[in-house]
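Asks: You'll find target.txt just under this line, and it carries compact mmCIF, C-alpha atoms.
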```
# COMPACT_ATOMS: atom_id res chain seq x y z
CA MET A 2 2.78 -28.35 20.34
CA ALA A 3 0.36 -25.75 18.98
CA LYS A 4 -0.16 -27.86 15.86
CA ALA A 5 -0.89 -30.94 17.99
CA ILE A 6 -3.50 -29.00 19.98
CA MET A 7 -5.02 -27.66 16.74
CA ARG A 8 -5.32 -31.19 15.39
CA GLN A 9 -7.11 -32.30 18.56
CA VAL A 10 -9.69 -29.51 18.38
CA GLY A 11 -9.96 -29.66 14.57
CA ALA A 12 -8.70 -26.14 13.88
CA THR A 13 -6.74 -25.18 10.75
CA GLY A 14 -5.04 -21.97 9.65
CA GLU A 15 -1.94 -19.86 10.10
CA ILE A 16 -0.67 -19.77 13.70
CA ARG A 17 0.12 -16.24 14.84
CA ASN A 18 1.86 -15.00 17.99
CA ILE A 19 1.42 -17.63 20.69
CA HIS A 20 1.42 -16.07 24.13
CA ARG A 21 0.42 -16.66 27.75
CA ARG A 22 -2.45 -14.85 29.38
CA LYS A 23 -4.29 -15.36 32.67
CA GLY A 24 -2.73 -18.79 33.16
CA HIS A 25 -3.71 -19.90 29.67
CA LEU A 26 -1.69 -20.61 26.58
CA VAL A 27 -3.31 -18.50 23.85
CA ILE A 28 -2.97 -19.72 20.25
CA PRO A 29 -4.43 -17.34 17.64
CA VAL A 30 -5.09 -19.06 14.32
CA MET A 31 -5.89 -16.98 11.26
CA LYS A 32 -7.63 -17.59 7.96
CA PRO A 33 -8.86 -14.94 5.54
CA GLY A 34 -12.08 -13.66 7.12
CA GLN A 35 -11.88 -15.85 10.21
CA THR A 36 -9.93 -15.82 13.49
CA THR A 37 -9.89 -18.79 15.83
CA THR A 38 -8.38 -18.38 19.28
CA LEU A 39 -7.53 -21.42 21.34
CA TRP A 40 -7.42 -20.77 25.09
CA VAL A 41 -5.53 -23.76 26.44
CA ASN A 42 -5.47 -24.41 30.18
CA PRO A 43 -2.34 -26.52 30.80
CA LYS A 44 -3.50 -27.50 34.31
CA SER A 45 -6.90 -28.88 33.37
CA GLY A 46 -5.88 -30.02 29.89
CA MET A 47 -8.94 -28.27 28.46
CA ALA A 48 -9.09 -25.89 25.52
CA GLU A 49 -11.72 -23.27 24.81
CA VAL A 50 -12.15 -22.49 21.11
CA VAL A 51 -13.36 -18.99 20.24
CA GLN A 52 -14.14 -18.46 16.57
CA LYS A 53 -14.84 -15.07 15.02
CA SER A 54 -15.87 -14.35 11.44
CA SER A 55 -14.68 -11.00 10.17
CA GLY A 56 -16.14 -10.94 6.68
CA PHE A 57 -15.11 -10.22 3.12
CA TRP A 58 -13.22 -6.94 3.60
CA ASP A 59 -11.16 -8.33 6.44
CA ALA A 60 -10.34 -11.35 4.28
CA LEU A 61 -9.09 -8.96 1.58
CA PHE A 62 -6.98 -6.96 4.08
CA TYR A 63 -5.55 -10.16 5.52
CA LEU A 64 -4.58 -11.55 2.12
CA HIS A 65 -3.16 -8.20 1.03
CA LYS A 66 -0.82 -8.17 4.03
CA SER A 67 -0.15 -11.90 4.12
CA PRO A 68 2.40 -13.24 4.86
CA GLY A 69 4.04 -9.82 5.39
CA PRO A 70 7.25 -8.99 7.19
CA HIS A 71 6.15 -9.82 10.74
CA LEU A 72 6.59 -13.07 12.71
CA ALA A 73 9.27 -14.10 10.21
CA LYS A 74 10.29 -17.16 12.27
CA ILE A 75 6.88 -18.83 12.27
CA ARG A 76 5.06 -17.38 9.28
CA GLY A 77 4.06 -19.74 6.52
CA ASN A 78 3.29 -22.50 9.03
CA TRP A 79 0.11 -23.41 7.13
CA ILE A 80 0.52 -24.94 3.69
CA LEU A 81 -2.14 -22.67 2.18
CA THR A 82 -0.29 -19.58 3.43
CA ARG A 83 2.83 -20.91 1.69
CA ILE A 84 0.83 -21.50 -1.53
CA TRP A 85 -0.53 -17.94 -1.26
CA THR A 86 3.05 -16.65 -0.88
CA TYR A 87 4.14 -18.47 -4.06
CA LEU A 88 1.04 -17.21 -5.87
CA VAL A 89 1.70 -13.59 -4.83
CA ASP A 90 5.35 -13.91 -5.90
CA SER A 91 4.30 -15.30 -9.29
CA ILE A 92 1.85 -12.42 -9.75
CA VAL A 93 4.59 -9.87 -9.02
CA TYR A 94 6.99 -11.52 -11.47
CA LEU A 95 4.16 -11.64 -14.02
CA VAL A 96 3.40 -7.93 -13.50
CA LEU A 97 7.08 -7.11 -14.02
CA PHE A 98 7.15 -9.24 -17.17
CA ILE A 99 3.88 -7.77 -18.48
CA SER A 100 5.14 -4.22 -17.95
CA ALA A 101 8.45 -5.01 -19.70
CA SER A 102 6.64 -6.64 -22.64
CA GLY A 103 4.23 -3.68 -22.67
CA ILE A 104 7.16 -1.29 -23.10
CA TYR A 105 8.37 -3.38 -26.04
CA LEU A 106 4.91 -3.43 -27.63
CA TRP A 107 4.63 0.34 -27.23
CA ALA A 108 8.11 0.97 -28.62
CA VAL A 109 7.30 -0.81 -31.89
CA ILE A 110 4.29 1.49 -32.53
CA LYS A 111 6.05 4.45 -34.11
CA ALA A 112 3.00 6.73 -33.97
CA GLU A 113 2.75 6.42 -30.18
CA ARG A 114 6.40 6.97 -29.35
CA LYS A 115 6.38 10.71 -28.77
CA VAL A 116 3.21 10.82 -26.59
CA GLY A 117 4.38 7.68 -24.77
CA LEU A 118 7.77 9.19 -24.00
CA ILE A 119 6.12 12.35 -22.68
CA LEU A 120 3.88 10.24 -20.42
CA VAL A 121 6.75 8.08 -19.15
CA GLY A 122 8.63 11.29 -18.39
CA ALA A 123 5.60 12.83 -16.67
CA GLY A 124 5.06 9.66 -14.62
CA CYS A 125 8.73 9.50 -13.56
CA LEU A 126 8.79 13.21 -12.74
CA SER A 127 5.64 13.07 -10.61
CA PHE A 128 6.91 9.92 -8.89
CA PHE A 129 10.24 11.49 -7.96
CA LEU A 130 8.64 14.78 -6.92
CA ILE A 131 6.16 13.08 -4.60
CA ALA A 132 8.71 10.57 -3.27
CA SER A 133 11.28 13.30 -2.61
CA THR A 134 8.66 15.37 -0.74
CA LEU A 135 8.16 12.35 1.49
CA VAL A 136 11.75 11.28 1.95
CA LEU A 137 13.85 14.47 1.92
CA MET B 11 -16.68 -5.39 -30.71
CA PRO B 12 -17.91 -8.23 -32.96
CA GLY B 13 -21.68 -8.65 -32.88
CA LEU B 14 -22.18 -5.16 -31.44
CA ASN B 15 -22.39 -1.89 -33.32
CA VAL B 16 -19.43 -0.17 -31.67
CA PRO B 17 -17.99 3.06 -33.12
CA LYS B 18 -14.57 2.52 -34.69
CA SER B 19 -12.99 5.10 -32.44
CA ILE B 20 -13.68 3.09 -29.25
CA PRO B 21 -11.12 0.31 -29.85
CA ILE B 22 -8.58 2.95 -30.88
CA TRP B 23 -9.11 5.05 -27.76
CA ASN B 24 -9.27 1.97 -25.61
CA ARG B 25 -5.82 0.96 -26.86
CA LYS B 26 -4.49 4.49 -26.39
CA LEU B 27 -5.85 4.57 -22.83
CA HIS B 28 -4.16 1.23 -22.13
CA ILE B 29 -0.80 2.39 -23.46
CA TYR B 30 -0.89 5.84 -21.86
CA ALA B 31 -2.07 4.72 -18.41
CA GLY B 32 0.51 1.92 -18.40
CA LEU B 33 3.35 4.25 -19.35
CA TYR B 34 2.38 6.99 -16.91
CA PHE B 35 2.11 4.60 -13.96
CA LEU B 36 5.13 2.48 -14.94
CA LEU B 37 7.43 3.60 -12.12
CA PHE B 38 4.63 3.44 -9.53
CA ILE B 39 3.79 -0.12 -10.63
CA TRP B 40 7.44 -1.17 -10.43
CA LEU B 41 7.84 0.42 -6.99
CA PHE B 42 4.85 -1.38 -5.49
CA ALA B 43 5.64 -4.67 -7.26
CA PHE B 44 9.25 -4.72 -6.17
CA SER B 45 8.62 -3.50 -2.61
CA GLY B 46 5.79 -6.05 -2.31
CA LEU B 47 8.29 -8.74 -3.21
CA LEU B 48 10.65 -7.45 -0.50
CA LEU B 49 7.85 -7.45 2.08
CA ASN B 50 7.03 -11.01 1.09
CA HIS B 51 10.65 -12.06 1.65
CA PRO B 52 11.90 -10.40 4.84
CA LYS B 53 14.75 -12.91 5.07
CA TRP B 54 16.46 -11.81 1.84
CA GLU B 55 19.91 -10.79 2.99
CA PHE B 56 20.56 -7.95 0.51
CA SER B 57 17.46 -6.01 1.57
CA GLN B 58 17.99 -6.25 5.35
CA TYR B 59 17.64 -2.67 6.49
CA TRP B 60 16.74 -2.81 10.18
CA PRO B 61 20.05 -4.29 11.47
CA ARG B 62 21.85 -1.66 9.38
CA ARG B 63 19.91 1.30 10.76
CA THR B 64 21.69 4.26 12.32
CA GLU B 65 20.52 5.70 15.62
CA THR B 66 21.45 9.12 16.92
CA SER B 67 20.37 11.03 20.02
CA SER B 68 20.64 14.73 20.72
CA GLU B 69 19.28 17.39 23.05
CA HIS B 70 17.97 20.78 22.01
CA PRO B 71 16.67 23.83 23.85
CA ILE B 72 13.05 24.66 23.02
CA ARG B 73 10.47 27.34 23.70
CA PRO B 74 7.13 26.32 25.25
CA PRO B 75 5.09 25.18 22.24
CA ALA B 76 2.27 27.38 21.02
CA GLY B 77 -1.03 25.98 19.78
CA THR B 78 -4.59 25.27 20.76
CA ASP B 79 -4.32 21.48 20.65
CA ASP B 80 -1.68 18.76 20.96
CA LEU B 81 -1.22 18.43 17.20
CA ALA B 82 -0.60 22.17 16.83
CA ARG B 83 1.86 22.06 19.74
CA ALA B 84 3.68 19.11 18.16
CA ARG B 85 3.84 21.05 14.86
CA ASP B 86 5.28 24.07 16.62
CA LEU B 87 7.96 21.92 18.25
CA MET B 88 8.75 20.31 14.89
CA HIS B 89 9.17 23.77 13.43
CA GLN B 90 11.53 24.71 16.25
CA LEU B 91 13.53 21.52 15.75
CA GLU B 92 13.48 21.95 11.94
CA MET B 93 11.76 18.64 11.21
CA THR B 94 9.27 17.45 8.64
CA GLY B 95 7.11 14.34 8.60
CA LYS B 96 3.95 12.74 9.84
CA ILE B 97 3.14 13.20 13.51
CA GLU B 98 1.91 10.22 15.51
CA ARG B 99 1.78 8.78 19.06
CA ILE B 100 1.36 12.10 20.91
CA ARG B 101 1.68 11.57 24.66
CA VAL B 102 1.06 14.32 27.19
CA ASP B 103 1.74 14.36 30.92
CA PRO B 104 0.75 17.85 32.16
CA ALA B 105 1.59 17.05 35.79
CA GLU B 106 5.21 16.25 34.92
CA GLY B 107 5.41 18.85 32.16
CA ARG B 108 6.17 16.18 29.55
CA PHE B 109 5.13 16.25 25.92
CA ALA B 110 6.25 13.51 23.54
CA PHE B 111 5.48 12.50 19.99
CA ARG B 112 6.90 10.65 17.02
CA VAL B 113 7.67 12.05 13.57
CA VAL B 114 7.73 9.53 10.74
CA GLN B 115 8.74 9.69 7.12
CA PRO B 116 9.94 6.89 4.84
CA GLY B 117 13.41 5.90 6.03
CA ARG B 118 13.32 8.01 9.18
CA THR B 119 11.62 7.77 12.58
CA VAL B 120 12.22 10.48 15.15
CA ASP B 121 11.07 10.26 18.77
CA VAL B 122 10.80 13.63 20.45
CA ARG B 123 10.52 13.81 24.25
CA THR B 124 10.27 17.24 25.75
CA ASP B 125 10.55 18.50 29.28
CA LEU B 126 8.48 21.69 29.11
CA ASN B 127 9.59 22.81 32.59
CA ALA B 128 13.28 22.56 31.65
CA GLU B 129 12.52 23.73 28.07
CA MET B 130 14.59 20.92 26.61
CA ALA B 131 13.87 18.32 23.95
CA GLN B 132 15.48 14.94 23.63
CA VAL B 133 15.52 13.78 20.00
CA LYS B 134 16.18 10.16 19.06
CA LYS B 135 16.52 9.59 15.35
CA ILE B 136 16.48 6.21 13.57
CA GLU B 137 17.45 6.22 9.90
CA THR B 138 17.40 3.31 7.47
CA ASN B 139 18.99 2.76 4.09
CA GLY B 140 17.24 2.79 0.69
CA TRP B 141 15.68 -0.65 1.24
CA GLY B 142 14.01 0.67 4.37
CA VAL B 143 12.68 3.62 2.37
CA LEU B 144 11.25 1.21 -0.23
CA HIS B 145 9.58 -0.90 2.48
CA MET B 146 8.01 2.13 4.04
CA LEU B 147 6.85 3.74 0.79
CA HIS B 148 4.81 0.59 0.17
CA GLN B 149 3.03 0.88 3.51
CA PHE B 150 3.06 4.61 4.20
CA ASN B 151 -0.49 5.96 4.05
CA GLY B 152 -0.54 8.37 6.97
CA VAL B 153 -2.98 6.38 9.12
CA ARG B 154 -2.00 3.52 11.40
CA MET B 155 -4.48 0.63 11.37
CA GLU B 156 -4.32 0.40 15.17
CA ALA B 157 -5.05 4.14 15.55
CA PRO B 158 -7.89 5.01 13.14
CA GLU B 159 -8.55 8.23 15.04
CA GLU B 160 -5.33 9.68 13.62
CA HIS B 161 -5.67 11.59 10.41
CA ARG B 162 -3.32 12.65 7.65
CA ASP B 163 -1.68 15.69 9.16
CA TRP B 164 1.10 16.10 6.59
CA PHE B 165 0.67 17.43 3.07
CA ALA B 166 3.12 14.85 1.63
CA THR B 167 1.13 11.87 2.98
CA ARG B 168 -2.05 13.26 1.44
CA LEU B 169 -0.23 13.62 -1.88
CA TRP B 170 1.21 10.11 -1.62
CA THR B 171 -2.14 8.49 -0.77
CA LEU B 172 -3.75 10.43 -3.61
CA SER B 173 -1.18 9.00 -6.01
CA MET B 174 -1.81 5.50 -4.58
CA ASP B 175 -5.54 5.98 -5.25
CA ALA B 176 -4.76 7.19 -8.76
CA LEU B 177 -2.57 4.14 -9.31
CA CYS B 178 -5.43 1.84 -8.21
CA VAL B 179 -7.79 3.55 -10.67
CA GLY B 180 -5.08 3.30 -13.34
CA LEU B 181 -4.65 -0.44 -12.69
CA ILE B 182 -8.41 -1.02 -12.91
CA LEU B 183 -8.46 0.87 -16.23
CA LEU B 184 -5.52 -1.20 -17.50
CA VAL B 185 -7.32 -4.44 -16.62
CA LEU B 186 -10.65 -3.35 -18.14
CA SER B 187 -9.03 -2.06 -21.33
CA SER B 188 -7.02 -5.26 -21.76
CA LEU B 189 -10.19 -7.34 -21.22
CA TYR B 190 -11.81 -5.34 -24.02
CA MET B 191 -8.80 -5.85 -26.31
CA TRP B 192 -8.74 -9.59 -25.58
CA TYR B 193 -12.47 -9.92 -26.32
CA GLN B 194 -11.96 -8.30 -29.71
CA ILE B 195 -9.67 -11.16 -30.81
CA GLU B 196 -12.16 -13.91 -31.60
CA GLN B 197 -9.67 -16.80 -31.80
CA LYS B 198 -8.24 -15.94 -28.36
CA ARG B 199 -11.60 -15.95 -26.59
CA ARG B 200 -11.73 -19.60 -25.57
CA PRO B 201 -8.16 -19.90 -24.19
CA GLY B 202 -8.58 -16.45 -22.63
CA LEU B 203 -11.77 -17.52 -20.90
CA MET B 204 -10.06 -20.60 -19.52
CA VAL B 205 -7.14 -18.61 -18.12
CA PHE B 206 -9.46 -15.88 -16.81
CA GLY B 207 -11.69 -18.51 -15.17
CA ALA B 208 -8.69 -20.24 -13.58
CA GLY B 209 -7.53 -16.89 -12.17
CA LEU B 210 -10.97 -16.03 -10.83
CA PHE B 211 -11.32 -19.47 -9.27
CA SER B 212 -7.94 -19.43 -7.51
CA CYS B 213 -8.49 -15.87 -6.26
CA GLY B 214 -12.03 -16.73 -5.08
CA PHE B 215 -10.70 -19.83 -3.37
CA PHE B 216 -8.34 -17.77 -1.22
CA VAL B 217 -10.79 -14.93 -0.53
CA PHE B 218 -13.92 -16.99 0.16
CA GLY B 219 -12.95 -20.66 0.30
CA LEU B 220 -10.27 -20.93 2.98
CA ARG B 221 -12.57 -20.33 5.92
CA TRP B 222 -14.56 -23.44 5.04
CA ILE B 223 -11.55 -25.72 4.95
CA GLY B 224 -11.69 -27.81 8.11
```
Let me see the file written as C-alpha cells.
Replies:
Amino acid sequence: MAKAIMRQVGATGEIRNIHRRKGHLVIPVMKPGQTTTLWVNPKSGMAEVVQKSSGFWDALFYLHKSPGPHLAKIRGNWILTRIWTYLVDSIVYLVLFISASGIYLWAVIKAERKVGLILVGAGCLSFFLIASTLVL
Amino acid sequence: MPGLNVPKSIPIWNRKLHIYAGLYFLLFIWLFAFSGLLLNHPKWEFSQYWPRRTETSSEHPIRPPAGTDDLARARDLMHQLEMTGKIERIRVDPAEGRFAFRVVQPGRTVDVRTDLNAEMAQVKKIETNGWGVLHMLHQFNGVRMEAPEEHRDWFATRLWTLSMDALCVGLILLVLSSLYMWYQIEQKRRPGLMVFGAGLFSCGFFVFGLRWIG
C-alpha cells in the first residue's frame, strides 16, 4: 500500500518504519541526503508530502549505515538500496581479496619479511590488547 | 614519477609505507570488513546472536553512591558492583530514591536499577556470543547518535576510537600510496584511469545522484 501511495505522489526511496500518528499513516522514505515523509489521512484520502534535504554528510552517514541490521523485514525495498547492498558486499570481498594478495606480494619480497612480521605481530598484539580491554 | 624530477627514495619509501601500514592494520581491516558483512546480512543464520543471548538477574546490597554528579555516582556504584564498561542512559528520580543506568561493553549490556532508600541494586545482565561481540566492536564508539550530549567516559572506548581513527588514516595512506604506485606504471595508466573513473562515478552516483532520481 505504501508503494502505491508513493507512486501516486511521485516519491521514490527506501521505505522506513511506517507508523500511525495523530490519525495519519506516516510513511518515511529515505534517500542519501534526503528524507520524504508522507502524512496520509485515510479519512480524507489526502497526503501531505514533507521533504527535507540533509546534505552531503548526512548522505555519507546514511550510506555508511545502509542497509544495516535494522528493519530486516522491509529493508531493501528500493532497488537502488539493493544495488548498494550488492556493491558494499563486493567491496568487502574485494578488500579481503586485496589484503590476502597483499600478504602474498609482501611474502615474496625477502628483504621486507622481518620488518613485516614484526609489524603484523605489533598490529595483532595491539588489536588483541585493545579488544580485550573492551570485552573482558 | 615519470616526467617529474622525483628523488629515487620516494618510490621506495612509498612502497615501504604501503606494505608496513597494510601489515600493521591487517587484523583491524579484517575485523571491520567481516563485521560489516555481518551487519549487511542480519538474516545469516550462523551469526544470529540476539536469540542466543543469555539473560541473568541478581540483587546486591549497595552503599549510597558518592560523587558530585550523576556520572560519578554511577561510577561509584559500578565500582561497588565490580563492573567495567561505558555508562549510558542515567535516570534519576530523587523523590522515589531511584537511580538507574546502563553499562555497555561489546557483548554485554547491564541494566542497573537502584533503590537508594533500601540500599539495594537490581542488576540485569544480557550477554551475547562472539558474533554479538563482533557486531558491537564495529559500532562501538562510546557516543550514541541519538544522545550527542554523552561523552566517552571509559578509557577503553577512547582507546578503541583512537585506533579506529588511526585505521582510517592508515586506509587513506594505503589508497594514496597505491595511487602513486599505479601512476608509476605507464602502461597501466589508461586501464587504471578507466577503473578509477568507474569507481568514482558509481560512488558519486550514490552519494550525490540518488536524491535527484524521481
Asks: How far is it from atom CA of A:Leu120 to atom CA of B:Lys18, in Å with one decimal?
Replies: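 Taking atom CA of A:Leu120 and atom CA of B:Lys18, their separation equals 24.6 Å.
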Asks: Show me which bits of chain A are within 9 Å of chain B, counting only C-alpha atoms, as JSON, numbers by chain.
Replies: {"A": [11, 12, 13, 14, 32, 33, 34, 35, 54, 57, 60, 61, 64, 66, 67, 68, 69, 70, 71, 73, 81, 85, 86, 89, 90, 92, 93, 94, 96, 97, 100, 103, 104, 107, 113, 116, 117, 118, 119, 120, 121, 122, 123, 124, 125, 128, 131, 132, 134, 135, 136, 137]}
Asks: Rounded to one decimal in Å, what is the spacing between atom CA of B:Asn151 and atom CA of B:Arg168?
Replies: 7.9 Å
Asks: One decimal, in Å: what's the spacing between atom CA of A:Trp40 and atom CA of A:Lys4?
Replies: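 Rounded to one decimal, the two atoms are 13.7 Å apart.
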Asks: List the spatial neighbours of B:Glu129 as a VMD selection string - criterion: any atom at most 7 Å away, all atoms listed in the file, same-chain residues fewer than 2 positions off excluded.
Replies: chain B and resid 71 to 74 125 to 127 131
Asks: Nearest to A:Met47: which of A:Ala5, A:Val10, A:Ile16, A:Ile75 is it, counting only C-alpha atoms?
Replies: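 Comparing A:Ala5, A:Val10, A:Ile16, A:Ile75 against A:Met47, the winner is A:Val10.
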Asks: Please reconstruct the missing atoms of stretch 22-33 of chain B (target: all heavy atoms) and return them as an mmCIF file, in the frame of the given file.
Replies:
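Final file, out26.cif:
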```cif
data_model
loop_
_atom_site.group_PDB
_atom_site.id
_atom_site.type_symbol
_atom_site.label_atom_id
_atom_site.label_comp_id
_atom_site.auth_asym_id
_atom_site.auth_seq_id
_atom_site.Cartn_x
_atom_site.Cartn_y
_atom_site.Cartn_z
ATOM 1 N N ILE B 22 -9.798 2.140 -30.744
ATOM 2 C CA ILE B 22 -8.580 2.950 -30.880
ATOM 3 C C ILE B 22 -8.272 3.671 -29.568
ATOM 4 O O ILE B 22 -7.156 3.624 -29.045
ATOM 5 C CB ILE B 22 -8.707 3.966 -32.049
ATOM 6 C CG1 ILE B 22 -8.823 3.200 -33.374
ATOM 7 C CG2 ILE B 22 -7.529 4.929 -32.091
ATOM 8 C CD1 ILE B 22 -9.259 4.043 -34.550
ATOM 9 N N TRP B 23 -9.313 4.308 -29.007
ATOM 10 C CA TRP B 23 -9.110 5.050 -27.760
ATOM 11 C C TRP B 23 -8.884 4.132 -26.570
ATOM 12 O O TRP B 23 -8.171 4.480 -25.634
ATOM 13 C CB TRP B 23 -10.269 6.026 -27.508
ATOM 14 C CG TRP B 23 -10.072 7.265 -28.312
ATOM 15 C CD1 TRP B 23 -10.738 7.623 -29.439
ATOM 16 C CD2 TRP B 23 -9.088 8.279 -28.079
ATOM 17 N NE1 TRP B 23 -10.245 8.800 -29.940
ATOM 18 C CE2 TRP B 23 -9.235 9.225 -29.127
ATOM 19 C CE3 TRP B 23 -8.102 8.476 -27.126
ATOM 20 C CZ2 TRP B 23 -8.432 10.359 -29.209
ATOM 21 C CZ3 TRP B 23 -7.301 9.623 -27.219
ATOM 22 C CH2 TRP B 23 -7.463 10.536 -28.254
ATOM 23 N N ASN B 24 -9.491 2.950 -26.669
ATOM 24 C CA ASN B 24 -9.270 1.970 -25.610
ATOM 25 C C ASN B 24 -7.787 1.564 -25.586
ATOM 26 O O ASN B 24 -7.167 1.496 -24.520
ATOM 27 C CB ASN B 24 -10.149 0.740 -25.861
ATOM 28 C CG ASN B 24 -9.942 -0.328 -24.814
ATOM 29 O OD1 ASN B 24 -10.302 -0.151 -23.662
ATOM 30 N ND2 ASN B 24 -9.330 -1.435 -25.211
ATOM 31 N N ARG B 25 -7.232 1.344 -26.772
ATOM 32 C CA ARG B 25 -5.820 0.960 -26.860
ATOM 33 C C ARG B 25 -4.912 2.094 -26.395
ATOM 34 O O ARG B 25 -3.941 1.887 -25.669
ATOM 35 C CB ARG B 25 -5.473 0.557 -28.285
ATOM 36 C CG ARG B 25 -4.165 -0.214 -28.373
ATOM 37 C CD ARG B 25 -3.821 -0.577 -29.779
ATOM 38 N NE ARG B 25 -3.534 0.630 -30.559
ATOM 39 C CZ ARG B 25 -2.971 0.629 -31.765
ATOM 40 N NH1 ARG B 25 -2.682 -0.522 -32.333
ATOM 41 N NH2 ARG B 25 -2.739 1.736 -32.412
ATOM 42 N N LYS B 26 -5.289 3.316 -26.803
ATOM 43 C CA LYS B 26 -4.490 4.490 -26.390
ATOM 44 C C LYS B 26 -4.511 4.622 -24.858
ATOM 45 O O LYS B 26 -3.478 4.853 -24.231
ATOM 46 C CB LYS B 26 -5.052 5.767 -27.015
ATOM 47 C CG LYS B 26 -4.593 5.987 -28.451
ATOM 48 C CD LYS B 26 -5.113 7.310 -28.959
ATOM 49 C CE LYS B 26 -4.808 7.528 -30.436
ATOM 50 N NZ LYS B 26 -3.387 7.727 -30.723
ATOM 51 N N LEU B 27 -5.714 4.475 -24.283
ATOM 52 C CA LEU B 27 -5.850 4.570 -22.830
ATOM 53 C C LEU B 27 -4.959 3.531 -22.143
ATOM 54 O O LEU B 27 -4.268 3.827 -21.157
ATOM 55 C CB LEU B 27 -7.326 4.332 -22.432
ATOM 56 C CG LEU B 27 -7.602 4.228 -20.945
ATOM 57 C CD1 LEU B 27 -7.605 5.605 -20.311
ATOM 58 C CD2 LEU B 27 -8.944 3.551 -20.684
ATOM 59 N N HIS B 28 -4.962 2.316 -22.687
ATOM 60 C CA HIS B 28 -4.160 1.230 -22.130
ATOM 61 C C HIS B 28 -2.672 1.581 -22.161
ATOM 62 O O HIS B 28 -1.967 1.448 -21.155
ATOM 63 C CB HIS B 28 -4.434 -0.054 -22.925
ATOM 64 C CG HIS B 28 -3.775 -1.252 -22.350
ATOM 65 N ND1 HIS B 28 -4.366 -2.004 -21.354
ATOM 66 C CD2 HIS B 28 -2.583 -1.836 -22.620
ATOM 67 C CE1 HIS B 28 -3.555 -2.994 -21.037
ATOM 68 N NE2 HIS B 28 -2.468 -2.922 -21.779
ATOM 69 N N ILE B 29 -2.229 2.058 -23.322
ATOM 70 C CA ILE B 29 -0.800 2.390 -23.460
ATOM 71 C C ILE B 29 -0.429 3.565 -22.551
ATOM 72 O O ILE B 29 0.547 3.517 -21.803
ATOM 73 C CB ILE B 29 -0.461 2.740 -24.939
ATOM 74 C CG1 ILE B 29 -0.681 1.512 -25.833
ATOM 75 C CG2 ILE B 29 0.968 3.241 -25.068
ATOM 76 C CD1 ILE B 29 -0.597 1.816 -27.329
ATOM 77 N N TYR B 30 -1.247 4.606 -22.590
ATOM 78 C CA TYR B 30 -0.890 5.840 -21.860
ATOM 79 C C TYR B 30 -0.931 5.627 -20.343
ATOM 80 O O TYR B 30 -0.033 6.070 -19.629
ATOM 81 C CB TYR B 30 -1.830 6.994 -22.256
ATOM 82 C CG TYR B 30 -1.738 7.399 -23.717
ATOM 83 C CD1 TYR B 30 -2.731 8.160 -24.310
ATOM 84 C CD2 TYR B 30 -0.650 7.025 -24.503
ATOM 85 C CE1 TYR B 30 -2.660 8.535 -25.657
ATOM 86 C CE2 TYR B 30 -0.570 7.385 -25.842
ATOM 87 C CZ TYR B 30 -1.574 8.132 -26.415
ATOM 88 O OH TYR B 30 -1.492 8.486 -27.735
ATOM 89 N N ALA B 31 -1.978 4.949 -19.870
ATOM 90 C CA ALA B 31 -2.070 4.720 -18.410
ATOM 91 C C ALA B 31 -0.905 3.840 -17.957
ATOM 92 O O ALA B 31 -0.278 4.103 -16.925
ATOM 93 C CB ALA B 31 -3.400 4.049 -18.072
ATOM 94 N N GLY B 32 -0.590 2.817 -18.752
ATOM 95 C CA GLY B 32 0.510 1.920 -18.400
ATOM 96 C C GLY B 32 1.838 2.654 -18.344
ATOM 97 O O GLY B 32 2.632 2.451 -17.422
ATOM 98 N N LEU B 33 2.077 3.538 -19.317
ATOM 99 C CA LEU B 33 3.350 4.250 -19.350
ATOM 100 C C LEU B 33 3.448 5.280 -18.234
ATOM 101 O O LEU B 33 4.492 5.436 -17.605
ATOM 102 C CB LEU B 33 3.535 4.927 -20.714
ATOM 103 C CG LEU B 33 3.811 3.958 -21.878
ATOM 104 C CD1 LEU B 33 3.776 4.692 -23.209
ATOM 105 C CD2 LEU B 33 5.149 3.252 -21.699
#
```
